[in-house]
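Trainee: This is the content of work-v1.pdb (PDB, N, CA, C and O atoms):
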```
ATOM      1  N   MET H   1      -0.953  10.187  13.265
ATOM      2  CA  MET H   1      -1.872   9.864  12.180
ATOM      3  C   MET H   1      -3.273   9.688  12.764
ATOM      4  O   MET H   1      -3.443   9.190  13.854
ATOM      5  N   SER H   2      -4.220  10.016  11.994
ATOM      6  CA  SER H   2      -5.597   9.939  12.475
ATOM      7  C   SER H   2      -6.370   8.845  11.747
ATOM      8  O   SER H   2      -5.923   8.304  10.758
ATOM      9  N   GLN H   3      -7.547   8.573  12.264
ATOM     10  CA  GLN H   3      -8.416   7.572  11.653
ATOM     11  C   GLN H   3      -8.746   7.944  10.208
ATOM     12  O   GLN H   3      -8.904   7.090   9.371
ATOM     13  N   SER H   4      -8.854   9.243   9.926
ATOM     14  CA  SER H   4      -9.192   9.655   8.571
ATOM     15  C   SER H   4      -8.113   9.236   7.571
ATOM     16  O   SER H   4      -8.408   9.022   6.407
ATOM     17  N   GLN H   5      -6.866   9.104   8.023
ATOM     18  CA  GLN H   5      -5.814   8.651   7.122
ATOM     19  C   GLN H   5      -6.022   7.186   6.737
ATOM     20  O   GLN H   5      -5.736   6.798   5.610
ATOM     21  N   LEU H   6      -6.520   6.395   7.661
ATOM     22  CA  LEU H   6      -6.829   5.008   7.343
ATOM     23  C   LEU H   6      -7.924   4.947   6.274
ATOM     24  O   LEU H   6      -7.830   4.167   5.325
ATOM     25  N   MET H   7      -8.923   5.802   6.415
ATOM     26  CA  MET H   7      -9.990   5.857   5.403
ATOM     27  C   MET H   7      -9.425   6.291   4.048
ATOM     28  O   MET H   7      -9.842   5.789   3.009
ATOM     29  N   GLY H   8      -8.469   7.221   4.070
ATOM     30  CA  GLY H   8      -7.829   7.656   2.830
ATOM     31  C   GLY H   8      -7.069   6.527   2.153
ATOM     32  O   GLY H   8      -7.088   6.395   0.924
ATOM     33  N   ILE H   9      -6.400   5.707   2.945
ATOM     34  CA  ILE H   9      -5.676   4.560   2.397
ATOM     35  C   ILE H   9      -6.657   3.584   1.770
ATOM     36  O   ILE H   9      -6.442   3.102   0.648
ATOM     37  N   ILE H  10      -7.739   3.297   2.464
ATOM     38  CA  ILE H  10      -8.753   2.381   1.926
ATOM     39  C   ILE H  10      -9.322   2.927   0.621
ATOM     40  O   ILE H  10      -9.492   2.180  -0.350
ATOM     41  N   GLN H  11      -9.565   4.226   0.566
ATOM     42  CA  GLN H  11     -10.100   4.825  -0.659
ATOM     43  C   GLN H  11      -9.120   4.678  -1.818
ATOM     44  O   GLN H  11      -9.514   4.382  -2.942
ATOM     45  N   ARG H  12      -7.837   4.869  -1.549
ATOM     46  CA  ARG H  12      -6.832   4.703  -2.608
ATOM     47  C   ARG H  12      -6.789   3.259  -3.103
ATOM     48  O   ARG H  12      -6.631   3.002  -4.291
ATOM     49  N   LEU H  13      -6.938   2.299  -2.177
ATOM     50  CA  LEU H  13      -6.942   0.890  -2.574
ATOM     51  C   LEU H  13      -8.193   0.556  -3.384
ATOM     52  O   LEU H  13      -8.118  -0.188  -4.374
ATOM     53  N   LYS H  14      -9.332   1.110  -2.989
ATOM     54  CA  LYS H  14     -10.568   0.889  -3.753
ATOM     55  C   LYS H  14     -10.448   1.477  -5.152
ATOM     56  O   LYS H  14     -10.927   0.892  -6.124
ATOM     57  N   THR H  15      -9.781   2.628  -5.253
ATOM     58  CA  THR H  15      -9.565   3.244  -6.559
ATOM     59  C   THR H  15      -8.724   2.336  -7.449
ATOM     60  O   THR H  15      -8.978   2.223  -8.649
ATOM     61  N   LEU H  16      -7.724   1.673  -6.860
ATOM     62  CA  LEU H  16      -6.925   0.706  -7.624
ATOM     63  C   LEU H  16      -7.824  -0.378  -8.212
ATOM     64  O   LEU H  16      -7.683  -0.746  -9.385
ATOM     65  N   GLN H  17      -8.725  -0.894  -7.398
ATOM     66  CA  GLN H  17      -9.626  -1.953  -7.858
ATOM     67  C   GLN H  17     -10.544  -1.444  -8.967
ATOM     68  O   GLN H  17     -10.767  -2.130  -9.958
ATOM     69  N   GLU H  18     -11.074  -0.252  -8.816
ATOM     70  CA  GLU H  18     -12.030   0.291  -9.778
ATOM     71  C   GLU H  18     -11.377   0.668 -11.100
ATOM     72  O   GLU H  18     -12.002   0.589 -12.149
ATOM     73  N   GLN H  19     -10.116   1.072 -11.076
ATOM     74  CA  GLN H  19      -9.433   1.503 -12.284
ATOM     75  C   GLN H  19      -8.879   0.340 -13.086
ATOM     76  O   GLN H  19      -8.376   0.528 -14.175
ATOM     77  N   ASP H  20      -8.969  -0.838 -12.562
ATOM     78  CA  ASP H  20      -8.317  -1.976 -13.208
ATOM     79  C   ASP H  20      -9.228  -2.651 -14.226
ATOM     80  O   ASP H  20      -9.610  -3.790 -14.073
ATOM     81  N   ASP H  21      -9.563  -1.924 -15.297
ATOM     82  CA  ASP H  21     -10.364  -2.525 -16.357
ATOM     83  C   ASP H  21      -9.531  -2.766 -17.615
ATOM     84  O   ASP H  21     -10.007  -3.301 -18.591
ATOM     85  N   SER H  22      -8.256  -2.393 -17.573
ATOM     86  CA  SER H  22      -7.389  -2.558 -18.735
ATOM     87  C   SER H  22      -6.642  -3.889 -18.706
ATOM     88  O   SER H  22      -6.054  -4.277 -19.707
ATOM     89  N   GLY H  23      -6.644  -4.570 -17.572
ATOM     90  CA  GLY H  23      -5.883  -5.801 -17.437
ATOM     91  C   GLY H  23      -4.468  -5.550 -16.951
ATOM     92  O   GLY H  23      -3.759  -6.480 -16.603
ATOM     93  N   ASP H  24      -4.041  -4.280 -16.949
ATOM     94  CA  ASP H  24      -2.717  -3.947 -16.448
ATOM     95  C   ASP H  24      -2.721  -3.957 -14.923
ATOM     96  O   ASP H  24      -3.743  -3.719 -14.298
ATOM     97  N   VAL H  25      -1.564  -4.194 -14.346
ATOM     98  CA  VAL H  25      -1.435  -4.143 -12.900
ATOM     99  C   VAL H  25      -1.406  -2.675 -12.484
ATOM    100  O   VAL H  25      -0.636  -1.884 -13.012
ATOM    101  N   GLN H  26      -2.285  -2.319 -11.565
ATOM    102  CA  GLN H  26      -2.355  -0.955 -11.055
ATOM    103  C   GLN H  26      -1.492  -0.853  -9.803
ATOM    104  O   GLN H  26      -1.406  -1.804  -9.032
ATOM    105  N   SER H  27      -0.863   0.312  -9.589
ATOM    106  CA  SER H  27      -0.034   0.468  -8.396
ATOM    107  C   SER H  27      -0.097   1.894  -7.866
ATOM    108  O   SER H  27      -0.417   2.825  -8.599
ATOM    109  N   ARG H  28       0.216   2.027  -6.588
ATOM    110  CA  ARG H  28       0.274   3.324  -5.910
ATOM    111  C   ARG H  28       1.438   3.297  -4.929
ATOM    112  O   ARG H  28       1.739   2.272  -4.323
ATOM    113  N   PHE H  29       2.080   4.456  -4.790
ATOM    114  CA  PHE H  29       3.139   4.620  -3.804
ATOM    115  C   PHE H  29       2.590   5.349  -2.591
ATOM    116  O   PHE H  29       1.689   6.178  -2.708
ATOM    117  N   PHE H  30       3.148   5.048  -1.437
ATOM    118  CA  PHE H  30       2.816   5.744  -0.203
ATOM    119  C   PHE H  30       4.108   6.313   0.363
ATOM    120  O   PHE H  30       5.105   5.593   0.471
ATOM    121  N   GLU H  31       4.087   7.613   0.675
ATOM    122  CA  GLU H  31       5.281   8.319   1.131
ATOM    123  C   GLU H  31       5.009   9.052   2.441
ATOM    124  O   GLU H  31       3.867   9.386   2.744
ATOM    125  N   VAL H  32       6.094   9.301   3.165
ATOM    126  CA  VAL H  32       6.048  10.139   4.358
ATOM    127  C   VAL H  32       7.155  11.171   4.209
ATOM    128  O   VAL H  32       8.325  10.804   4.045
ATOM    129  N   ASN H  33       6.786  12.433   4.211
ATOM    130  CA  ASN H  33       7.753  13.530   4.079
ATOM    131  C   ASN H  33       8.662  13.346   2.862
ATOM    132  O   ASN H  33       9.870  13.558   2.943
ATOM    133  N   GLY H  34       8.085  12.931   1.748
ATOM    134  CA  GLY H  34       8.838  12.757   0.513
ATOM    135  C   GLY H  34       9.628  11.467   0.414
ATOM    136  O   GLY H  34      10.251  11.197  -0.609
ATOM    137  N   LYS H  35       9.623  10.653   1.457
ATOM    138  CA  LYS H  35      10.343   9.372   1.438
ATOM    139  C   LYS H  35       9.363   8.261   1.099
ATOM    140  O   LYS H  35       8.356   8.080   1.765
ATOM    141  N   ARG H  36       9.675   7.523   0.060
ATOM    142  CA  ARG H  36       8.828   6.407  -0.359
ATOM    143  C   ARG H  36       8.944   5.275   0.659
ATOM    144  O   ARG H  36      10.019   4.751   0.900
ATOM    145  N   VAL H  37       7.804   4.914   1.244
ATOM    146  CA  VAL H  37       7.779   3.882   2.282
ATOM    147  C   VAL H  37       7.378   2.535   1.694
ATOM    148  O   VAL H  37       7.956   1.506   2.034
ATOM    149  N   CYS H  38       6.378   2.555   0.794
ATOM    150  CA  CYS H  38       5.917   1.301   0.216
ATOM    151  C   CYS H  38       5.168   1.562  -1.082
ATOM    152  O   CYS H  38       4.822   2.690  -1.412
ATOM    153  N   GLN H  39       4.959   0.480  -1.795
ATOM    154  CA  GLN H  39       4.165   0.495  -3.021
ATOM    155  C   GLN H  39       3.173  -0.656  -2.919
ATOM    156  O   GLN H  39       3.515  -1.735  -2.421
ATOM    157  N   VAL H  40       1.958  -0.408  -3.370
ATOM    158  CA  VAL H  40       0.971  -1.475  -3.384
ATOM    159  C   VAL H  40       0.519  -1.685  -4.826
ATOM    160  O   VAL H  40       0.342  -0.726  -5.578
ATOM    161  N   LYS H  41       0.414  -2.945  -5.202
ATOM    162  CA  LYS H  41      -0.059  -3.309  -6.541
ATOM    163  C   LYS H  41      -1.332  -4.125  -6.388
ATOM    164  O   LYS H  41      -1.468  -4.898  -5.441
ATOM    165  N   TYR H  42      -2.238  -3.943  -7.341
ATOM    166  CA  TYR H  42      -3.481  -4.703  -7.335
ATOM    167  C   TYR H  42      -3.515  -5.595  -8.566
ATOM    168  O   TYR H  42      -3.293  -5.143  -9.685
ATOM    169  N   PHE H  43      -3.807  -6.873  -8.343
ATOM    170  CA  PHE H  43      -3.899  -7.859  -9.421
ATOM    171  C   PHE H  43      -5.354  -8.304  -9.544
ATOM    172  O   PHE H  43      -5.857  -9.037  -8.683
ATOM    173  N   SER H  44      -6.018  -7.855 -10.589
ATOM    174  CA  SER H  44      -7.447  -8.153 -10.743
ATOM    175  C   SER H  44      -7.710  -9.622 -11.053
ATOM    176  O   SER H  44      -8.772 -10.146 -10.710
ATOM    177  N   ALA H  45      -6.760 -10.299 -11.699
ATOM    178  CA  ALA H  45      -6.968 -11.697 -12.080
ATOM    179  C   ALA H  45      -7.310 -12.564 -10.878
ATOM    180  O   ALA H  45      -8.137 -13.475 -10.977
ATOM    181  N   ASN H  46      -6.679 -12.275  -9.738
ATOM    182  CA  ASN H  46      -6.961 -13.065  -8.538
ATOM    183  C   ASN H  46      -7.427 -12.196  -7.367
ATOM    184  O   ASN H  46      -7.459 -12.669  -6.233
ATOM    185  N   ASP H  47      -7.753 -10.928  -7.645
ATOM    186  CA  ASP H  47      -8.289  -9.997  -6.645
ATOM    187  C   ASP H  47      -7.399  -9.933  -5.409
ATOM    188  O   ASP H  47      -7.854 -10.065  -4.274
ATOM    189  N   THR H  48      -6.082  -9.734  -5.634
ATOM    190  CA  THR H  48      -5.132  -9.651  -4.528
ATOM    191  C   THR H  48      -4.294  -8.386  -4.635
ATOM    192  O   THR H  48      -4.159  -7.787  -5.702
ATOM    193  N   PHE H  49      -3.729  -8.024  -3.496
ATOM    194  CA  PHE H  49      -2.817  -6.898  -3.411
ATOM    195  C   PHE H  49      -1.433  -7.431  -3.085
ATOM    196  O   PHE H  49      -1.293  -8.447  -2.406
ATOM    197  N   GLU H  50      -0.412  -6.723  -3.574
ATOM    198  CA  GLU H  50       0.965  -7.036  -3.192
ATOM    199  C   GLU H  50       1.565  -5.771  -2.611
ATOM    200  O   GLU H  50       1.605  -4.734  -3.272
ATOM    201  N   LEU H  51       2.008  -5.862  -1.380
ATOM    202  CA  LEU H  51       2.613  -4.733  -0.699
ATOM    203  C   LEU H  51       4.123  -4.885  -0.758
ATOM    204  O   LEU H  51       4.669  -5.904  -0.342
ATOM    205  N   GLU H  52       4.785  -3.884  -1.313
ATOM    206  CA  GLU H  52       6.236  -3.877  -1.428
ATOM    207  C   GLU H  52       6.755  -2.834  -0.446
ATOM    208  O   GLU H  52       6.507  -1.644  -0.610
ATOM    209  N   VAL H  53       7.449  -3.292   0.589
ATOM    210  CA  VAL H  53       7.924  -2.417   1.660
ATOM    211  C   VAL H  53       9.416  -2.165   1.456
ATOM    212  O   VAL H  53      10.198  -3.102   1.321
ATOM    213  N   TYR H  54       9.790  -0.874   1.451
ATOM    214  CA  TYR H  54      11.183  -0.492   1.234
ATOM    215  C   TYR H  54      11.904  -0.307   2.562
ATOM    216  O   TYR H  54      11.372   0.304   3.482
ATOM    217  N   ASP H  55      13.131  -0.816   2.639
ATOM    218  CA  ASP H  55      13.941  -0.581   3.833
ATOM    219  C   ASP H  55      14.814   0.654   3.609
ATOM    220  O   ASP H  55      14.690   1.337   2.594
ATOM    221  N   LYS H  56      15.713   0.926   4.535
ATOM    222  CA  LYS H  56      16.513   2.152   4.448
ATOM    223  C   LYS H  56      17.437   2.171   3.228
ATOM    224  O   LYS H  56      17.877   3.227   2.800
ATOM    225  N   ASP H  57      17.734   1.015   2.656
ATOM    226  CA  ASP H  57      18.579   0.937   1.463
ATOM    227  C   ASP H  57      17.754   0.810   0.183
ATOM    228  O   ASP H  57      18.282   0.478  -0.870
ATOM    229  N   ASN H  58      16.440   1.056   0.290
ATOM    230  CA  ASN H  58      15.494   0.941  -0.818
ATOM    231  C   ASN H  58      15.394  -0.472  -1.381
ATOM    232  O   ASN H  58      15.027  -0.670  -2.532
ATOM    233  N   LYS H  59      15.748  -1.465  -0.562
ATOM    234  CA  LYS H  59      15.507  -2.855  -0.945
ATOM    235  C   LYS H  59      14.084  -3.180  -0.521
ATOM    236  O   LYS H  59      13.593  -2.700   0.493
ATOM    237  N   ALA H  60      13.429  -4.008  -1.311
ATOM    238  CA  ALA H  60      12.004  -4.250  -1.069
ATOM    239  C   ALA H  60      11.724  -5.673  -0.602
ATOM    240  O   ALA H  60      12.343  -6.628  -1.073
ATOM    241  N   GLN H  61      10.774  -5.764   0.319
ATOM    242  CA  GLN H  61      10.194  -7.040   0.734
ATOM    243  C   GLN H  61       8.753  -7.028   0.228
ATOM    244  O   GLN H  61       8.063  -6.017   0.367
ATOM    245  N   LYS H  62       8.304  -8.135  -0.343
ATOM    246  CA  LYS H  62       6.951  -8.200  -0.901
ATOM    247  C   LYS H  62       6.058  -9.100  -0.053
ATOM    248  O   LYS H  62       6.489 -10.175   0.377
ATOM    249  N   TYR H  63       4.821  -8.615   0.160
ATOM    250  CA  TYR H  63       3.854  -9.353   0.971
ATOM    251  C   TYR H  63       2.511  -9.393   0.249
ATOM    252  O   TYR H  63       1.983  -8.342  -0.118
ATOM    253  N   PRO H  64       1.954 -10.573   0.044
ATOM    254  CA  PRO H  64       0.643 -10.677  -0.618
ATOM    255  C   PRO H  64      -0.506 -10.548   0.383
ATOM    256  O   PRO H  64      -0.394 -10.991   1.528
ATOM    257  N   PHE H  65      -1.593  -9.935  -0.067
ATOM    258  CA  PHE H  65      -2.809  -9.802   0.746
ATOM    259  C   PHE H  65      -4.014 -10.083  -0.137
ATOM    260  O   PHE H  65      -4.056  -9.647  -1.288
ATOM    261  N   ASP H  66      -4.998 -10.777   0.409
ATOM    262  CA  ASP H  66      -6.236 -11.014  -0.337
ATOM    263  C   ASP H  66      -7.408 -10.276   0.307
ATOM    264  O   ASP H  66      -8.561 -10.532  -0.012
ATOM    265  N   ASN H  67      -7.081  -9.327   1.189
ATOM    266  CA  ASN H  67      -8.106  -8.594   1.916
ATOM    267  C   ASN H  67      -7.735  -7.112   1.929
ATOM    268  O   ASN H  67      -6.641  -6.753   2.379
ATOM    269  N   ILE H  68      -8.635  -6.262   1.450
ATOM    270  CA  ILE H  68      -8.349  -4.834   1.351
ATOM    271  C   ILE H  68      -8.132  -4.201   2.722
ATOM    272  O   ILE H  68      -7.278  -3.332   2.892
ATOM    273  N   ASP H  69      -8.881  -4.656   3.722
ATOM    274  CA  ASP H  69      -8.747  -4.083   5.065
ATOM    275  C   ASP H  69      -7.382  -4.391   5.669
ATOM    276  O   ASP H  69      -6.746  -3.513   6.264
ATOM    277  N   MET H  70      -6.925  -5.624   5.539
ATOM    278  CA  MET H  70      -5.619  -5.994   6.088
ATOM    279  C   MET H  70      -4.495  -5.255   5.357
ATOM    280  O   MET H  70      -3.504  -4.851   5.974
ATOM    281  N   THR H  71      -4.654  -5.059   4.056
ATOM    282  CA  THR H  71      -3.670  -4.307   3.290
ATOM    283  C   THR H  71      -3.597  -2.876   3.801
ATOM    284  O   THR H  71      -2.514  -2.338   4.033
ATOM    285  N   ALA H  72      -4.759  -2.255   3.986
ATOM    286  CA  ALA H  72      -4.814  -0.867   4.460
ATOM    287  C   ALA H  72      -4.213  -0.730   5.855
ATOM    288  O   ALA H  72      -3.476   0.227   6.126
ATOM    289  N   ILE H  73      -4.506  -1.671   6.740
ATOM    290  CA  ILE H  73      -3.962  -1.609   8.103
ATOM    291  C   ILE H  73      -2.441  -1.721   8.078
ATOM    292  O   ILE H  73      -1.734  -0.996   8.793
ATOM    293  N   GLU H  74      -1.918  -2.593   7.248
ATOM    294  CA  GLU H  74      -0.464  -2.747   7.150
ATOM    295  C   GLU H  74       0.181  -1.460   6.627
ATOM    296  O   GLU H  74       1.213  -1.019   7.147
ATOM    297  N   ILE H  75      -0.405  -0.846   5.616
ATOM    298  CA  ILE H  75       0.118   0.412   5.082
ATOM    299  C   ILE H  75       0.059   1.493   6.159
ATOM    300  O   ILE H  75       1.018   2.235   6.368
ATOM    301  N   TYR H  76      -1.062   1.578   6.848
ATOM    302  CA  TYR H  76      -1.233   2.556   7.927
ATOM    303  C   TYR H  76      -0.138   2.389   8.978
ATOM    304  O   TYR H  76       0.488   3.360   9.415
ATOM    305  N   ASP H  77       0.105   1.150   9.397
ATOM    306  CA  ASP H  77       1.143   0.880  10.404
ATOM    307  C   ASP H  77       2.524   1.297   9.903
ATOM    308  O   ASP H  77       3.319   1.877  10.653
ATOM    309  N   LEU H  78       2.819   1.009   8.641
ATOM    310  CA  LEU H  78       4.119   1.384   8.075
ATOM    311  C   LEU H  78       4.301   2.899   8.068
ATOM    312  O   LEU H  78       5.371   3.411   8.420
ATOM    313  N   LEU H  79       3.251   3.614   7.677
ATOM    314  CA  LEU H  79       3.336   5.079   7.627
ATOM    315  C   LEU H  79       3.470   5.649   9.035
ATOM    316  O   LEU H  79       4.216   6.610   9.256
ATOM    317  N   GLN H  80       2.774   5.063   9.985
ATOM    318  CA  GLN H  80       2.860   5.528  11.361
ATOM    319  C   GLN H  80       4.271   5.300  11.927
ATOM    320  O   GLN H  80       4.826   6.171  12.585
ATOM    321  N   GLU H  81       4.850   4.136  11.648
ATOM    322  CA  GLU H  81       6.209   3.850  12.098
ATOM    323  C   GLU H  81       7.184   4.858  11.510
ATOM    324  O   GLU H  81       8.092   5.328  12.200
ATOM    325  N   GLU H  82       7.026   5.169  10.254
ATOM    326  CA  GLU H  82       7.924   6.121   9.586
ATOM    327  C   GLU H  82       7.781   7.513  10.196
ATOM    328  O   GLU H  82       8.763   8.229  10.350
ATOM    329  N   ASN H  83       6.596   7.894  10.567
ATOM    330  CA  ASN H  83       6.371   9.204  11.192
ATOM    331  C   ASN H  83       7.019   9.301  12.565
ATOM    332  O   ASN H  83       7.354  10.387  13.015
ATOM    333  N   GLU H  84       7.154   8.173  13.240
ATOM    334  CA  GLU H  84       7.732   8.163  14.571
ATOM    335  C   GLU H  84       9.252   8.244  14.571
ATOM    336  O   GLU H  84       9.857   8.495  15.600
ATOM    337  N   LEU H  85       9.867   8.037  13.407
ATOM    338  CA  LEU H  85      11.344   8.091  13.320
ATOM    339  C   LEU H  85      11.847   9.514  13.366
ATOM    340  O   LEU H  85      11.243  10.443  13.024
TER     341      LEU H  85
END
```
Once you've parsed the file, please lay out its structure as structure tokens.

Mentor:
Amino acid sequence: MSQSQLMGIIQRLKTLQEQDDSGDVQSRFFEVNGKRVCQVKYFSANDTFELEVYDKDNKAQKYPFDNIDMTAIEIYDLLQEENEL
């Protein structure tokens, strides 16, 4: 993975923030080779992200983030780990 992919992740997260004028929770999936690795949701009420990470059985662990950069880095790391498998 390259640095440009990190910028792409940040752009997708910024798009979540910008599209959230309806009050609905916005979300995006991140995949590697067609396999869903995680989903991120943006909550405008408290300006936070929730990262839902899927394991091999598609069970999810949820992690809250209040910083777009930390959210993007975590997603980047997850995608990189999946690429190494």

Trainee: Enumerate, as a ChimeraX atom specification, the complete set of residues in range 4-84 of chain H that a backbone-based DSSP assignment places in strand (DSSP E).

Mentor: /H:26-32,35-43,48-54,60-65

Trainee: Please list as a ChimeraX atom specification every residue within 5 Å of Leu51 in chain H, counting all atoms listed in the file and excluding residues in the same chain fewer than 6 positions away.

Mentor: /H:39-40,61-64

Trainee: Which residues fall under the PyMOL selection byres (((chain H and resi 9-21 and name CA) around 10) and name CA) in this file, as a ChimeraX atom specification?

Mentor: /H:4-8,22-28,30,40-45,47-49,68-73,75-76

Trainee: Determine the nearest neighbour of Ala60 in chain H from the options H:Val32, H:Leu85, H:Val37, H:Leu79, counting only N, CA, C and O atoms.

Mentor: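 Of the candidates, the smallest distance to Ala60 in chain H is held by H:Val37.
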
Trainee: Just give me the gap between CA of Glu52 in chain H and atom C of Cys38 in chain H in Å, one decimal is fine.

Mentor: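 If I compute the distance from CA of Glu52 in chain H to atom C of Cys38 in chain H, I get 5.6 Å.
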
Trainee: Could you give me the residues within chain H that DSSP places in alpha helix (DSSP H), as number ranges by chain?

Mentor: H: 3-19, 68-84

Trainee: Given the selection you just returned, output its residues as a file containing N, CA, C and O atoms, formatted as a short mmCIF file (atom, residue, chain, number, x, y, z; two decimals), in the frame of the given file.

Mentor:
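Result saved to selection.cif:
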```cif
data_model
loop_
_atom_site.label_atom_id
_atom_site.label_comp_id
_atom_site.auth_asym_id
_atom_site.auth_seq_id
_atom_site.Cartn_x
_atom_site.Cartn_y
_atom_site.Cartn_z
N GLN H 3 -7.55 8.57 12.26
CA GLN H 3 -8.42 7.57 11.65
C GLN H 3 -8.75 7.94 10.21
O GLN H 3 -8.90 7.09 9.37
N SER H 4 -8.85 9.24 9.93
CA SER H 4 -9.19 9.65 8.57
C SER H 4 -8.11 9.24 7.57
O SER H 4 -8.41 9.02 6.41
N GLN H 5 -6.87 9.10 8.02
CA GLN H 5 -5.81 8.65 7.12
C GLN H 5 -6.02 7.19 6.74
O GLN H 5 -5.74 6.80 5.61
N LEU H 6 -6.52 6.40 7.66
CA LEU H 6 -6.83 5.01 7.34
C LEU H 6 -7.92 4.95 6.27
O LEU H 6 -7.83 4.17 5.32
N MET H 7 -8.92 5.80 6.42
CA MET H 7 -9.99 5.86 5.40
C MET H 7 -9.43 6.29 4.05
O MET H 7 -9.84 5.79 3.01
N GLY H 8 -8.47 7.22 4.07
CA GLY H 8 -7.83 7.66 2.83
C GLY H 8 -7.07 6.53 2.15
O GLY H 8 -7.09 6.40 0.92
N ILE H 9 -6.40 5.71 2.94
CA ILE H 9 -5.68 4.56 2.40
C ILE H 9 -6.66 3.58 1.77
O ILE H 9 -6.44 3.10 0.65
N ILE H 10 -7.74 3.30 2.46
CA ILE H 10 -8.75 2.38 1.93
C ILE H 10 -9.32 2.93 0.62
O ILE H 10 -9.49 2.18 -0.35
N GLN H 11 -9.56 4.23 0.57
CA GLN H 11 -10.10 4.82 -0.66
C GLN H 11 -9.12 4.68 -1.82
O GLN H 11 -9.51 4.38 -2.94
N ARG H 12 -7.84 4.87 -1.55
CA ARG H 12 -6.83 4.70 -2.61
C ARG H 12 -6.79 3.26 -3.10
O ARG H 12 -6.63 3.00 -4.29
N LEU H 13 -6.94 2.30 -2.18
CA LEU H 13 -6.94 0.89 -2.57
C LEU H 13 -8.19 0.56 -3.38
O LEU H 13 -8.12 -0.19 -4.37
N LYS H 14 -9.33 1.11 -2.99
CA LYS H 14 -10.57 0.89 -3.75
C LYS H 14 -10.45 1.48 -5.15
O LYS H 14 -10.93 0.89 -6.12
N THR H 15 -9.78 2.63 -5.25
CA THR H 15 -9.56 3.24 -6.56
C THR H 15 -8.72 2.34 -7.45
O THR H 15 -8.98 2.22 -8.65
N LEU H 16 -7.72 1.67 -6.86
CA LEU H 16 -6.92 0.71 -7.62
C LEU H 16 -7.82 -0.38 -8.21
O LEU H 16 -7.68 -0.75 -9.38
N GLN H 17 -8.72 -0.89 -7.40
CA GLN H 17 -9.63 -1.95 -7.86
C GLN H 17 -10.54 -1.44 -8.97
O GLN H 17 -10.77 -2.13 -9.96
N GLU H 18 -11.07 -0.25 -8.82
CA GLU H 18 -12.03 0.29 -9.78
C GLU H 18 -11.38 0.67 -11.10
O GLU H 18 -12.00 0.59 -12.15
N GLN H 19 -10.12 1.07 -11.08
CA GLN H 19 -9.43 1.50 -12.28
C GLN H 19 -8.88 0.34 -13.09
O GLN H 19 -8.38 0.53 -14.18
N ILE H 68 -8.64 -6.26 1.45
CA ILE H 68 -8.35 -4.83 1.35
C ILE H 68 -8.13 -4.20 2.72
O ILE H 68 -7.28 -3.33 2.89
N ASP H 69 -8.88 -4.66 3.72
CA ASP H 69 -8.75 -4.08 5.07
C ASP H 69 -7.38 -4.39 5.67
O ASP H 69 -6.75 -3.51 6.26
N MET H 70 -6.92 -5.62 5.54
CA MET H 70 -5.62 -5.99 6.09
C MET H 70 -4.50 -5.26 5.36
O MET H 70 -3.50 -4.85 5.97
N THR H 71 -4.65 -5.06 4.06
CA THR H 71 -3.67 -4.31 3.29
C THR H 71 -3.60 -2.88 3.80
O THR H 71 -2.51 -2.34 4.03
N ALA H 72 -4.76 -2.26 3.99
CA ALA H 72 -4.81 -0.87 4.46
C ALA H 72 -4.21 -0.73 5.86
O ALA H 72 -3.48 0.23 6.13
N ILE H 73 -4.51 -1.67 6.74
CA ILE H 73 -3.96 -1.61 8.10
C ILE H 73 -2.44 -1.72 8.08
O ILE H 73 -1.73 -1.00 8.79
N GLU H 74 -1.92 -2.59 7.25
CA GLU H 74 -0.46 -2.75 7.15
C GLU H 74 0.18 -1.46 6.63
O GLU H 74 1.21 -1.02 7.15
N ILE H 75 -0.40 -0.85 5.62
CA ILE H 75 0.12 0.41 5.08
C ILE H 75 0.06 1.49 6.16
O ILE H 75 1.02 2.24 6.37
N TYR H 76 -1.06 1.58 6.85
CA TYR H 76 -1.23 2.56 7.93
C TYR H 76 -0.14 2.39 8.98
O TYR H 76 0.49 3.36 9.41
N ASP H 77 0.10 1.15 9.40
CA ASP H 77 1.14 0.88 10.40
C ASP H 77 2.52 1.30 9.90
O ASP H 77 3.32 1.88 10.65
N LEU H 78 2.82 1.01 8.64
CA LEU H 78 4.12 1.38 8.07
C LEU H 78 4.30 2.90 8.07
O LEU H 78 5.37 3.41 8.42
N LEU H 79 3.25 3.61 7.68
CA LEU H 79 3.34 5.08 7.63
C LEU H 79 3.47 5.65 9.04
O LEU H 79 4.22 6.61 9.26
N GLN H 80 2.77 5.06 9.98
CA GLN H 80 2.86 5.53 11.36
C GLN H 80 4.27 5.30 11.93
O GLN H 80 4.83 6.17 12.58
N GLU H 81 4.85 4.14 11.65
CA GLU H 81 6.21 3.85 12.10
C GLU H 81 7.18 4.86 11.51
O GLU H 81 8.09 5.33 12.20
N GLU H 82 7.03 5.17 10.25
CA GLU H 82 7.92 6.12 9.59
C GLU H 82 7.78 7.51 10.20
O GLU H 82 8.76 8.23 10.35
N ASN H 83 6.60 7.89 10.57
CA ASN H 83 6.37 9.20 11.19
C ASN H 83 7.02 9.30 12.56
O ASN H 83 7.35 10.39 13.02
N GLU H 84 7.15 8.17 13.24
CA GLU H 84 7.73 8.16 14.57
C GLU H 84 9.25 8.24 14.57
O GLU H 84 9.86 8.49 15.60
#
```

Trainee: Would you please work out which residue, of H:Asp66, H:Glu31, H:Glu50, H:Asp57, is nearest to Glu82 in chain H when using only C-alpha atoms?

Mentor: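 When distances to Glu82 in chain H are compared using only C-alpha atoms, the smallest one comes from H:Glu31.
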
Trainee: What is the CA of Glu84 in chain H-atom C of Lys59 in chain H distance in Å, reported with one decimal?

Mentor: 19.9 Å

Trainee: Could you jot down the atom C of Asp77 in chain H to atom O of Asn46 in chain H separation for me, Å, one decimal place?

Mentor: 23.6 Å
